[in-house]
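**Student:** Contents of run-v6.cif (mmCIF, C-alpha atoms):
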```cif
data_model
loop_
_atom_site.label_atom_id
_atom_site.label_comp_id
_atom_site.auth_asym_id
_atom_site.auth_seq_id
_atom_site.Cartn_x
_atom_site.Cartn_y
_atom_site.Cartn_z
CA MET A 1 -70.51 49.15 0.20
CA PRO A 2 -67.12 49.96 -1.18
CA LYS A 3 -67.14 52.49 -3.92
CA ILE A 4 -66.29 51.04 -7.31
CA LYS A 5 -63.91 53.41 -8.96
CA SER A 6 -64.15 53.96 -12.64
CA THR A 7 -60.41 53.68 -13.20
CA ALA A 8 -58.91 50.33 -14.32
CA ARG A 9 -58.96 48.29 -11.12
CA SER A 10 -59.78 44.61 -10.51
CA PRO A 11 -63.44 44.23 -9.51
CA HIS A 12 -64.10 43.48 -5.86
CA VAL A 13 -66.11 40.24 -5.77
CA ASP A 14 -68.00 39.93 -2.53
CA MET A 15 -66.83 36.68 -0.97
CA THR A 16 -69.30 36.60 1.91
CA PRO A 17 -71.41 33.73 0.52
CA MET A 18 -68.32 31.62 -0.04
CA VAL A 19 -67.16 32.14 3.52
CA ASP A 20 -70.66 31.29 4.74
CA LEU A 21 -70.58 28.02 2.85
CA PHE A 22 -67.10 27.23 4.14
CA THR A 23 -68.27 27.76 7.70
CA LEU A 24 -71.25 25.51 7.14
CA LEU A 25 -69.26 22.70 5.55
CA LEU A 26 -66.59 22.95 8.20
CA THR A 27 -69.15 22.73 11.00
CA PHE A 28 -70.72 19.71 9.33
CA PHE A 29 -67.43 17.82 9.02
CA LEU A 30 -66.33 18.79 12.50
CA LEU A 31 -69.50 17.35 13.97
CA THR A 32 -69.50 14.16 11.93
CA ALA A 33 -65.83 13.40 12.61
CA THR A 34 -65.31 10.41 14.88
CA PHE A 35 -62.31 10.03 17.11
CA ILE A 36 -60.08 6.98 16.73
CA PRO A 37 -60.55 4.90 19.90
CA ILE A 38 -57.51 4.59 22.12
CA GLU A 39 -55.89 1.24 21.69
CA PRO A 40 -53.95 -0.49 24.46
CA ALA A 41 -50.83 -1.02 22.38
CA GLN A 42 -49.05 0.62 19.49
CA ILE A 43 -49.53 -1.72 16.53
CA THR A 44 -48.00 -1.14 13.09
CA ILE A 45 -50.14 -3.09 10.66
CA PRO A 46 -48.76 -4.35 7.32
CA SER A 47 -50.11 -3.07 4.01
CA SER A 48 -51.97 -4.79 1.21
CA VAL A 49 -53.80 -3.93 -1.99
CA SER A 50 -57.15 -4.79 -0.44
CA GLU A 51 -59.74 -2.02 -0.73
CA LYS A 52 -62.44 -3.68 1.31
CA THR A 53 -63.35 -1.61 4.39
CA THR A 54 -63.56 -3.07 7.87
CA PRO A 55 -67.11 -4.01 8.83
CA GLU A 56 -68.47 -1.56 11.37
CA HIS A 57 -70.83 -3.88 13.18
CA ASN A 58 -70.83 -7.49 14.28
CA LEU A 59 -67.08 -7.70 14.58
CA ILE A 60 -64.76 -9.47 16.98
CA THR A 61 -61.35 -7.81 16.80
CA ILE A 62 -58.28 -9.55 18.15
CA PHE A 63 -55.25 -7.29 18.59
CA ILE A 64 -51.77 -8.79 18.74
CA ALA A 65 -49.16 -6.35 19.98
CA PRO A 66 -45.42 -6.57 19.18
CA ASN A 67 -44.77 -7.91 22.70
CA LYS A 68 -47.25 -10.76 21.93
CA ASN A 69 -49.93 -9.34 24.26
CA ILE A 70 -53.43 -10.07 23.06
CA PHE A 71 -56.35 -7.65 23.33
CA PHE A 72 -59.98 -8.10 22.44
CA ASN A 73 -62.75 -5.87 21.18
CA PHE A 74 -66.37 -6.67 20.54
CA ASP A 75 -68.96 -4.23 19.30
CA ASP A 76 -72.59 -3.96 20.31
CA GLY A 77 -73.97 -4.66 16.87
CA LYS A 78 -76.23 -2.38 14.86
CA ASP A 79 -78.50 -1.70 17.80
CA THR A 80 -77.30 -1.20 21.36
CA ALA A 81 -80.50 -2.87 22.52
CA TYR A 82 -78.84 -6.18 21.71
CA HIS A 83 -76.52 -5.69 24.71
CA TYR A 84 -73.88 -7.89 23.10
CA ARG A 85 -71.02 -6.65 25.25
CA ALA A 86 -72.98 -6.93 28.49
CA ASN A 87 -74.13 -10.45 27.59
CA LEU A 88 -70.58 -11.43 26.71
CA LEU A 89 -69.29 -10.26 30.10
CA LYS A 90 -72.14 -12.06 31.87
CA ALA A 91 -71.40 -15.28 29.98
CA MET A 92 -67.68 -15.06 30.82
CA GLY A 93 -68.63 -14.35 34.41
CA ILE A 94 -70.68 -17.55 34.57
CA GLN A 95 -67.82 -19.52 33.02
CA TYR A 96 -65.22 -18.19 35.47
CA LYS A 97 -67.60 -17.98 38.44
CA ILE A 98 -67.43 -14.18 38.79
CA THR A 99 -70.50 -12.02 39.28
CA PHE A 100 -70.54 -8.60 37.73
CA THR A 101 -72.72 -5.82 39.12
CA PRO A 102 -75.05 -3.90 36.77
CA GLN A 103 -72.80 -0.84 37.06
CA GLU A 104 -69.80 -2.90 35.95
CA LEU A 105 -71.78 -4.28 33.02
CA LYS A 106 -72.82 -0.78 32.05
CA LYS A 107 -69.22 0.46 32.24
CA PHE A 108 -68.04 -2.48 30.17
CA THR A 109 -70.55 -1.63 27.45
CA LYS A 110 -69.13 1.88 27.17
CA LEU A 111 -65.49 0.79 26.98
CA GLU A 112 -63.77 -0.52 23.89
CA THR A 113 -60.64 -2.66 23.61
CA PHE A 114 -59.51 -4.59 26.65
CA GLY A 115 -57.00 -7.28 27.51
CA MET A 116 -56.31 -8.75 30.91
CA PRO A 117 -56.70 -12.09 32.69
CA MET A 118 -60.22 -12.82 33.97
CA LYS A 119 -59.18 -12.39 37.59
CA ASP A 120 -58.26 -8.75 36.89
CA VAL A 121 -61.37 -7.77 34.90
CA LYS A 122 -63.46 -6.81 37.93
CA ARG A 123 -60.64 -4.71 39.33
CA TRP A 124 -60.13 -3.03 35.97
CA LEU A 125 -63.80 -2.13 35.69
CA ASP A 126 -63.79 -0.65 39.18
CA THR A 127 -60.73 1.55 38.58
CA GLU A 128 -61.66 5.21 38.52
CA HIS A 129 -58.69 6.77 36.75
CA PRO A 130 -58.19 5.89 33.09
CA LYS A 131 -54.39 6.04 33.53
CA ASP A 132 -54.48 3.33 36.20
CA ALA A 133 -56.86 1.31 34.08
CA GLU A 134 -54.44 1.55 31.15
CA LYS A 135 -51.66 -0.01 33.22
CA MET A 136 -53.82 -3.02 33.94
CA GLN A 137 -54.08 -3.96 30.27
CA THR A 138 -51.54 -6.78 30.31
CA GLY A 139 -53.02 -9.03 27.67
CA ILE A 140 -55.37 -12.02 27.59
CA PRO A 141 -53.58 -15.29 28.30
CA MET A 142 -53.92 -18.18 25.87
CA ASP A 143 -51.85 -20.92 27.47
CA SER A 144 -53.08 -24.46 27.00
CA LEU A 145 -54.09 -24.93 30.67
CA ASP A 146 -56.52 -22.02 30.67
CA ASN A 147 -57.05 -20.64 27.18
CA GLN A 148 -58.99 -17.52 28.13
CA LEU A 149 -58.85 -16.07 24.63
CA ALA A 150 -60.58 -19.20 23.32
CA TRP A 151 -63.35 -18.68 25.87
CA TRP A 152 -63.76 -15.01 24.96
CA VAL A 153 -64.08 -15.93 21.27
CA ARG A 154 -66.44 -18.80 21.97
CA MET A 155 -68.73 -16.71 24.19
CA ALA A 156 -68.66 -13.83 21.71
CA ARG A 157 -69.76 -16.22 18.93
CA THR A 158 -72.53 -17.58 21.17
CA VAL A 159 -73.79 -14.08 22.01
CA ASN A 160 -73.61 -12.91 18.39
CA PRO A 161 -73.48 -15.76 15.83
CA TYR A 162 -73.15 -13.26 12.98
CA ALA A 163 -69.93 -11.75 14.28
CA GLU A 164 -66.95 -11.89 11.97
CA VAL A 165 -63.40 -12.12 13.22
CA ALA A 166 -60.80 -9.47 12.42
CA ILE A 167 -57.14 -9.73 13.32
CA LYS A 168 -55.09 -6.59 13.87
CA ALA A 169 -51.54 -7.68 14.43
CA ASP A 170 -48.21 -5.91 14.28
CA GLY A 171 -46.16 -6.78 11.20
CA ASP A 172 -43.16 -7.95 13.20
CA VAL A 173 -44.99 -10.57 15.28
CA VAL A 174 -43.68 -14.06 14.50
CA PHE A 175 -46.12 -16.20 12.60
CA PRO A 176 -46.53 -19.03 15.19
CA VAL A 177 -48.30 -16.59 17.56
CA ILE A 178 -50.72 -15.60 14.79
CA LYS A 179 -51.16 -19.27 13.85
CA LYS A 180 -52.10 -20.10 17.45
CA VAL A 181 -54.80 -17.40 17.42
CA LEU A 182 -56.05 -18.57 14.00
CA ASP A 183 -56.19 -22.17 15.23
CA LEU A 184 -58.24 -21.34 18.31
CA VAL A 185 -60.64 -19.25 16.27
CA GLN A 186 -60.96 -22.08 13.72
CA ASN A 187 -61.80 -24.44 16.58
CA ASN A 188 -64.81 -22.22 17.18
CA GLY A 189 -66.08 -22.75 13.67
CA VAL A 190 -64.76 -19.62 11.93
CA ASN A 191 -62.60 -20.15 8.84
CA ARG A 192 -62.84 -16.71 7.33
CA PHE A 193 -60.53 -14.03 8.69
CA ASN A 194 -60.24 -10.32 8.07
CA PHE A 195 -56.67 -9.14 8.41
CA ILE A 196 -56.68 -5.40 9.03
CA THR A 197 -54.15 -3.76 6.69
CA THR A 198 -53.39 -0.32 5.36
CA TYR A 199 -54.04 0.35 1.71
CA GLN A 200 -51.07 0.39 -0.63
CA LYS A 201 -51.80 0.40 -4.32
CA GLU A 202 -49.87 -1.92 -6.64
CA GLU A 203 -50.57 -1.46 -10.31
CA VAL A 204 -49.86 -4.71 -12.12
CA GLY A 205 -51.26 -5.09 -15.60
CA LEU A 206 -50.68 -6.89 -18.86
CA LYS A 207 -47.55 -4.87 -19.49
CA ASP A 208 -45.90 -6.40 -16.41
CA LEU A 209 -46.17 -9.95 -17.71
CA PRO A 210 -42.72 -11.44 -18.27
CA LYS A 211 -42.16 -12.36 -21.90
CA MET B 1 -61.59 39.11 -0.53
CA ALA B 2 -64.28 39.67 2.01
CA GLU B 3 -63.90 42.83 3.95
CA ILE B 4 -65.43 44.06 7.12
CA VAL B 5 -66.42 47.59 6.58
CA GLN B 6 -66.78 49.45 9.81
CA GLU B 7 -69.09 52.31 9.63
CA GLU B 8 -68.22 55.21 11.71
CA LYS B 9 -70.89 56.39 13.99
CA ARG B 10 -70.56 59.83 15.30
CA GLN B 11 -72.31 60.06 18.61
CA LYS B 12 -72.71 63.06 20.78
CA GLY B 13 -70.51 62.87 23.80
CA ALA B 14 -68.74 59.76 22.63
CA LYS B 15 -64.99 59.53 22.40
CA LYS B 16 -63.94 61.53 19.44
CA ARG B 17 -62.23 59.28 16.94
CA PRO B 18 -59.83 60.83 14.51
CA LYS B 19 -61.14 60.87 11.05
CA ARG B 20 -59.32 57.89 9.51
CA GLY B 21 -61.75 56.60 7.00
CA VAL B 22 -63.04 53.02 7.11
CA ALA B 23 -60.93 50.30 8.82
CA ARG B 24 -60.57 47.30 6.53
CA VAL B 25 -59.78 43.88 7.98
CA ASP B 26 -58.41 41.56 5.37
CA MET B 27 -60.11 38.18 5.76
CA THR B 28 -57.76 36.25 3.48
CA PRO B 29 -55.92 34.34 6.26
CA MET B 30 -59.18 33.27 7.86
CA VAL B 31 -60.58 31.92 4.64
CA ASP B 32 -57.26 30.15 3.93
CA LEU B 33 -57.42 28.46 7.32
CA MET B 34 -61.02 27.47 6.83
CA ALA B 35 -60.23 25.95 3.45
CA LEU B 36 -57.38 24.02 5.06
CA LEU B 37 -59.42 22.75 8.00
CA LEU B 38 -62.24 21.80 5.71
CA THR B 39 -59.97 19.79 3.43
CA PHE B 40 -58.38 18.15 6.47
CA PHE B 41 -61.66 17.02 7.96
CA MET B 42 -63.06 15.91 4.64
CA LEU B 43 -60.06 13.68 4.01
CA THR B 44 -59.58 12.28 7.51
CA THR B 45 -63.17 11.18 7.96
CA ALA B 46 -63.00 9.45 4.59
CA PHE B 47 -59.73 7.63 5.33
CA SER B 48 -60.20 6.74 8.98
CA LYS B 49 -61.83 3.41 8.15
CA PRO B 50 -59.10 0.78 8.01
CA LYS B 51 -59.11 -1.78 5.24
CA VAL B 52 -59.24 -5.56 5.54
CA MET B 53 -57.73 -8.39 3.56
CA VAL B 54 -59.99 -11.42 3.63
CA ILE B 55 -58.34 -14.82 4.03
CA THR B 56 -60.17 -18.14 4.16
CA MET B 57 -58.15 -20.82 5.87
CA PRO B 58 -58.66 -24.48 4.92
CA GLU B 59 -60.90 -26.39 7.30
CA LYS B 60 -59.00 -27.95 10.14
CA ASN B 61 -59.05 -31.61 9.34
CA ASP B 62 -57.79 -34.17 11.77
CA LYS B 63 -57.46 -36.74 9.03
CA PRO B 64 -54.81 -35.55 6.58
CA HIS B 65 -55.34 -38.58 4.36
CA ASP B 66 -58.81 -37.33 3.43
CA GLN B 67 -57.42 -34.24 1.77
CA PRO B 68 -58.07 -34.13 -1.97
CA LYS B 69 -55.14 -35.06 -4.13
CA ILE B 70 -53.66 -32.21 -6.09
CA ALA B 71 -51.52 -32.56 -9.15
CA ALA B 72 -47.91 -32.34 -8.01
CA ALA B 73 -46.90 -30.70 -11.30
CA ARG B 74 -49.15 -27.71 -10.60
CA THR B 75 -48.16 -27.26 -6.97
CA LEU B 76 -46.02 -24.24 -6.22
CA ASN B 77 -44.70 -24.28 -2.69
CA ILE B 78 -43.60 -20.98 -1.15
CA LEU B 79 -41.54 -21.17 2.03
CA LEU B 80 -41.07 -18.15 4.28
CA ALA B 81 -38.27 -17.84 6.78
CA ASP B 82 -36.81 -15.13 9.01
CA SER B 83 -35.40 -11.82 7.75
CA ASP B 84 -37.80 -11.62 4.78
CA ARG B 85 -36.34 -14.72 3.10
CA VAL B 86 -38.57 -16.39 0.51
CA TYR B 87 -37.97 -19.71 -1.24
CA PHE B 88 -40.05 -21.71 -3.65
CA TYR B 89 -40.10 -25.05 -5.40
CA MET B 90 -42.48 -26.94 -7.65
CA GLY B 91 -43.96 -30.34 -6.86
CA VAL B 92 -43.74 -32.21 -3.56
CA ALA B 93 -40.93 -32.79 -1.10
CA ASP B 94 -41.49 -36.43 -0.26
CA PRO B 95 -38.51 -38.33 1.15
CA ASN B 96 -40.05 -41.54 -0.27
CA LYS B 97 -39.93 -40.13 -3.77
CA PRO B 98 -36.43 -38.86 -4.44
CA PRO B 99 -34.89 -36.64 -5.62
CA LEU B 100 -35.80 -33.91 -3.16
CA PRO B 101 -36.40 -30.56 -4.84
CA THR B 102 -33.91 -27.71 -4.47
CA LEU B 103 -35.21 -24.51 -2.91
CA ILE B 104 -34.87 -21.47 -5.14
CA LYS B 105 -34.25 -18.25 -3.28
CA THR B 106 -36.27 -15.19 -4.24
CA ASN B 107 -37.54 -11.96 -2.67
CA PHE B 108 -40.60 -9.76 -2.36
CA SER B 109 -39.67 -7.30 -5.11
CA LYS B 110 -41.58 -7.27 -8.38
CA ASP B 111 -38.78 -9.25 -10.02
CA GLY B 112 -38.87 -11.85 -7.27
CA ILE B 113 -41.81 -14.02 -6.33
CA ARG B 114 -44.20 -11.87 -8.37
CA ARG B 115 -42.33 -12.69 -11.57
CA VAL B 116 -42.46 -16.41 -10.77
CA LEU B 117 -46.19 -16.23 -10.05
CA LEU B 118 -46.92 -14.24 -13.18
CA GLU B 119 -44.98 -16.71 -15.33
CA LYS B 120 -46.81 -19.70 -13.91
CA ASN B 121 -50.20 -18.05 -13.91
CA LYS B 122 -49.89 -16.35 -17.29
CA ASP B 123 -53.16 -17.60 -18.80
CA LEU B 124 -55.48 -16.77 -15.94
CA PHE B 125 -53.74 -13.47 -15.23
CA THR B 126 -54.06 -12.42 -18.89
CA LYS B 127 -57.76 -13.30 -18.96
CA ILE B 128 -58.53 -11.34 -15.80
CA ALA B 129 -56.27 -8.38 -16.66
CA GLU B 130 -57.80 -8.10 -20.13
CA TYR B 131 -61.29 -8.16 -18.66
CA ARG B 132 -60.39 -5.48 -16.14
CA GLU B 133 -58.75 -3.26 -18.75
CA ALA B 134 -61.70 -3.66 -21.11
CA ARG B 135 -63.97 -2.56 -18.25
CA LEU B 136 -61.72 0.38 -17.50
CA LYS B 137 -61.73 1.53 -21.10
CA GLY B 138 -65.49 1.22 -21.26
CA LYS B 139 -65.66 -1.59 -23.80
CA ILE B 140 -67.54 -3.75 -21.30
CA VAL B 141 -70.10 -2.07 -19.08
CA VAL B 142 -71.24 -4.14 -16.12
CA ALA B 143 -71.96 -3.60 -12.45
CA ASP B 144 -69.17 -4.17 -9.93
CA SER B 145 -70.86 -7.22 -8.47
CA THR B 146 -71.25 -8.80 -11.92
CA ALA B 147 -67.57 -8.17 -12.65
CA ASP B 148 -66.56 -9.68 -9.31
CA SER B 149 -68.61 -12.83 -9.85
CA TYR B 150 -67.26 -13.17 -13.40
CA ILE B 151 -63.68 -12.97 -12.15
CA LYS B 152 -64.55 -15.47 -9.42
CA LYS B 153 -65.90 -17.85 -12.06
CA LEU B 154 -62.76 -17.44 -14.16
CA LYS B 155 -60.72 -18.40 -11.13
CA SER B 156 -62.83 -21.42 -10.21
CA ASP B 157 -62.87 -22.69 -13.80
CA ASP B 158 -59.11 -22.48 -14.07
CA ASN B 159 -57.31 -25.81 -14.04
CA VAL B 160 -53.98 -24.78 -15.54
CA GLY B 161 -52.67 -22.24 -13.07
CA PRO B 162 -50.49 -23.09 -10.08
CA ILE B 163 -51.91 -24.26 -6.77
CA VAL B 164 -49.92 -22.33 -4.21
CA LEU B 165 -49.11 -23.72 -0.79
CA ILE B 166 -47.77 -21.10 1.58
CA LYS B 167 -45.68 -22.36 4.45
CA ALA B 168 -43.95 -20.33 7.11
CA ASP B 169 -41.32 -21.41 9.60
CA ASP B 170 -41.25 -20.41 13.24
CA LYS B 171 -39.27 -17.23 12.67
CA ALA B 172 -41.23 -15.85 9.72
CA LYS B 173 -42.98 -12.58 10.42
CA TYR B 174 -46.68 -11.80 10.08
CA LYS B 175 -45.99 -9.08 7.53
CA ASP B 176 -44.33 -11.64 5.24
CA ILE B 177 -47.49 -13.78 5.29
CA VAL B 178 -49.59 -10.71 4.53
CA ALA B 179 -47.21 -9.75 1.70
CA ILE B 180 -47.40 -13.22 0.14
CA VAL B 181 -51.21 -13.40 0.34
CA ASP B 182 -51.21 -9.92 -1.16
CA GLU B 183 -49.14 -11.24 -4.08
CA MET B 184 -51.82 -13.92 -4.56
CA ALA B 185 -54.37 -11.17 -5.01
CA ILE B 186 -52.10 -9.08 -7.25
CA THR B 187 -51.23 -11.99 -9.58
CA ASN B 188 -54.81 -13.37 -9.60
CA ILE B 189 -53.90 -16.81 -8.30
CA ALA B 190 -56.97 -19.04 -8.35
CA SER B 191 -56.23 -21.28 -5.38
CA TYR B 192 -53.83 -20.95 -2.50
CA ALA B 193 -53.71 -22.09 1.10
CA ILE B 194 -51.63 -21.49 4.19
CA VAL B 195 -50.44 -24.87 5.44
CA ASP B 196 -47.91 -26.26 7.89
CA LEU B 197 -44.29 -26.87 7.14
CA SER B 198 -43.35 -30.56 6.93
CA ALA B 199 -40.25 -32.00 8.61
CA THR B 200 -38.61 -32.55 5.21
CA GLU B 201 -39.14 -28.94 4.29
CA LYS B 202 -37.73 -27.76 7.62
CA ASP B 203 -34.54 -29.65 6.83
CA LEU B 204 -34.46 -28.23 3.31
CA LEU B 205 -34.80 -24.73 4.74
CA LYS B 206 -31.91 -25.29 7.12
CA SER B 207 -29.58 -26.16 4.26
CA ALA B 208 -30.99 -23.57 1.87
CA PRO B 209 -28.74 -20.77 0.57
CA ARG B 210 -28.97 -17.54 2.54
#
```
Reformat the file's structure so that it appears as structure tokens.

**Tutor:**
Amino acid sequence: MPKIKSTARSPHVDMTPMVDLFTLLLTFFLLTATFIPIEPAQITIPSSVSEKTTPEHNLITIFIAPNKNIFFNFDDGKDTAYHYRANLLKAMGIQYKITFTPQELKKFTKLETFGMPMKDVKRWLDTEHPKDAEKMQTGIPMDSLDNQLAWWVRMARTVNPYAEVAIKADGDVVFPVIKKVLDLVQNNGVNRFNFITTYQKEEVGLKDLPK
Amino acid sequence: MAEIVQEEKRQKGAKKRPKRGVARVDMTPMVDLMALLLTFFMLTTAFSKPKVMVITMPEKNDKPHDQPKIAAARTLNILLADSDRVYFYMGVADPNKPPLPTLIKTNFSKDGIRRVLLEKNKDLFTKIAEYREARLKGKIVVADSTADSYIKKLKSDDNVGPIVLIKADDKAKYKDIVAIVDEMAITNIASYAIVDLSATEKDLLKSAPR
């Protein structure tokens, strides 16, 4: 132990317990930190005063990129035993007459956001390298002849009737594109939308009332 | 700060170290870094959850004539166009009922559309703001859910405030819609809806001042 001199010197406080606690807390936060999932497109969302957090489970997320590409995400619900994602892919397979192998279903369950025409889904799932798979994310078509996005939403609602719909769109996308997505979701019986925004506080009180 | 005190051990046959006294390693930088990393992780895990703004769209009705009649005097129409342009007018734009209203240009600043909304919604806004401030100061002590349902009731009981119809043209941007719906929340508007632009309004927008 260091010798404490009797002359006027600042006392040496032993900081070992503090450093121990720091290490512990740091380890805890490091282990409980989750990584943001990689999204297929760079989207700059607008801001709002809303403080409500995004629901973690039972959510259908529709991404609208600045180049009007549409991507889709669907979570597995509170319990992975529900196999929501696998059931969704199976249902879409039946609709578009494509059979998916159990390995492809398993891989689909582990992935997150995706967006490509149905004819490319099998190829995307079979791609080994993530970089090649990234290039195949060209967006889900929603033209009137074959509105694939409408089918994805409809099947997702059938697989999980409790799923809410969230829209994550870039601020610069023109409104008609958003309106088209809103319309097709409304045709599937959902009228409540969650627009994902960043939080920006606006303090408006009685003092701001115009006289 | 914490110090590692290295004790010297004199062993027979070991390399003879010069007598230097104890070697002290100053741990200050390590603890600084740990404090920094800790703060970083504490804050990023708390803020990584994105927020949502909930919007309920009106039911898609194929029969527009079944829609409930709303008092034209209370209707505030907000029109959004390209390049962040905002216009508003009160009442209806019906070519069968002249004169057609003039569009008033405004903007998204706090002296723009917010001022208009606050003026028209003065009563309801005052009621809700007073309630919130009383809660903040501690004069009223209720649970959050009770406060939310009380404010909801105030909004549904209101029959004086404006009914806002938000309409966007083909070049309006998504962020403008989000900004306007945000203003609805900020100014405590009781009822608003996003509806389609009529042909009359499209013409009015074309001739509106830039």

**Student:** On this structure, the PyMOL selection byres ((chain A) within 8 of (chain B)) would catch which residues? List them as a ChimeraX atom specification, sorted by chain and number.

**Tutor:** /A:1,12-16,19,22-23,25-26,29-30,33-34,36,45-54,169-176,178,186-187,191-199,202,204-206,209-210

**Student:** With all atoms listed in the file as the counted atoms, please give the residues lying no more than 9 Å from range 143-152 of chain A, apart from itself and same-chain residues fewer than 6 positions off, as a list in words.

**Tutor:**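 These residues fall inside the cut-off: Ile70, Phe71, Phe72, Leu88, Leu89, Met92, Gln95, Pro117, Met118, Val181, Leu184, Val185, Asn187 and Asn188 of chain A.
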
**Student:** Could you spell out the hits of the PyMOL selection byres ((chain A and resi 163) around 9) on the shown file, as a PyMOL selection string?

**Tutor:** chain A and resi 57-60+74+77+156-157+159-162+164-165

**Student:** Would you mind telling me which residue in A:Lys131, A:Lys179, A:Lys97, A:Lys168 lies nearest to Asn73 in chain A when using all atoms listed in the file?

**Tutor:**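 Smallest distance to Asn73 in chain A is found for A:Lys168.
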
**Student:** Can you work out the spacing between CA of Thr28 in chain B and CA of Met18 in chain A in Å, to one decimal?

**Tutor:**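 So the answer is 12.1 Å.
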
**Student:** Figure out the distance between CA of Gly161 in chain B and CA of Leu204 in chain B, please, to one decimal in Å.

**Tutor:** 25.2 Å

**Student:** Take CA of Arg210 in chain B and CA of Phe108 in chain B and report the distance between them in Å, one decimal.

**Tutor:**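 So the two atoms, CA of Arg210 in chain B and CA of Phe108 in chain B, lie 14.8 Å apart.
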
**Student:** Here is a test: counting all atoms listed in the file, which residue of A:Ile167, A:Leu105, A:Leu31, A:Ala86 is nearest to Ala65 in chain A?

**Tutor:**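 With all atoms listed in the file as the atom set, the closest residue is A:Ile167.
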
**Student:** Determine the residue set returned by the PyMOL selection byres ((chain B and resi 166) around 7) for the present structure, and present it as a PyMOL selection string.

**Tutor:** chain B and resi 77-79+164-165+167-168+193-195

**Student:** List the residues sitting within 10 Å of (-49.4, -1.0, 28.7) in the file's frame, using all atoms listed in the file, as a PyMOL selection string.

**Tutor:** chain A and resi 39-42+69+115+131+133-139

**Student:** Would you list the contacts of Tyr150 in chain B as a short mmCIF file (atom, residue, chain, number, x, y, z; two decimals) with C-alpha atoms, keeping the file's coordinate frame, taking every protein, DNA or RNA residue within 10 Å and counting only C-alpha atoms, but skipping same-chain residues closer than 6 positions in sequence?

**Tutor:**
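Written out: around.cif:
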```cif
data_model
loop_
_atom_site.label_atom_id
_atom_site.label_comp_id
_atom_site.auth_asym_id
_atom_site.auth_seq_id
_atom_site.Cartn_x
_atom_site.Cartn_y
_atom_site.Cartn_z
CA ILE B 128 -58.53 -11.34 -15.80
CA TYR B 131 -61.29 -8.16 -18.66
CA ASP B 144 -69.17 -4.17 -9.93
CA SER B 156 -62.83 -21.42 -10.21
#
```

**Student:** Point out the residue among B:Ile113, B:Leu33, B:Leu124, B:Ala72 with the least atom-to-atom distance to Asp94 in chain B, counting all atoms listed in the file.

**Tutor:**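 With all atoms listed in the file as the atom set, the closest residue is B:Ala72.
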
**Student:** With a distance cut-off of 12 Å and all atoms listed in the file, select the neighbouring residues of Ile70 in chain B, excluding the residue or stretch itself and same-chain residues fewer than 6 positions from it, and output the selection as a list in words.

**Tutor:** Leu76, Gly91, Val92, Asn159, Pro162, Ile163, Val164, Leu165, Ser191 and Tyr192 of chain B

**Student:** Would you mind telling me which residue in B:Ala93, B:Ala147, B:Ala190, B:Val141 lies nearest to Lys202 in chain B when using only C-alpha atoms?

**Tutor:**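 Among B:Ala93, B:Ala147, B:Ala190, B:Val141, it is B:Ala93 that comes nearest to Lys202 in chain B.
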
**Student:** Of the candidates A:Ile94, A:Ile64, A:Leu24, A:Ala81, which shows the shortest atom-to-atom distance to Met155 in chain A, using all atoms listed in the file?

**Tutor:**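 Of the candidates, the smallest distance to Met155 in chain A is held by A:Ile94.
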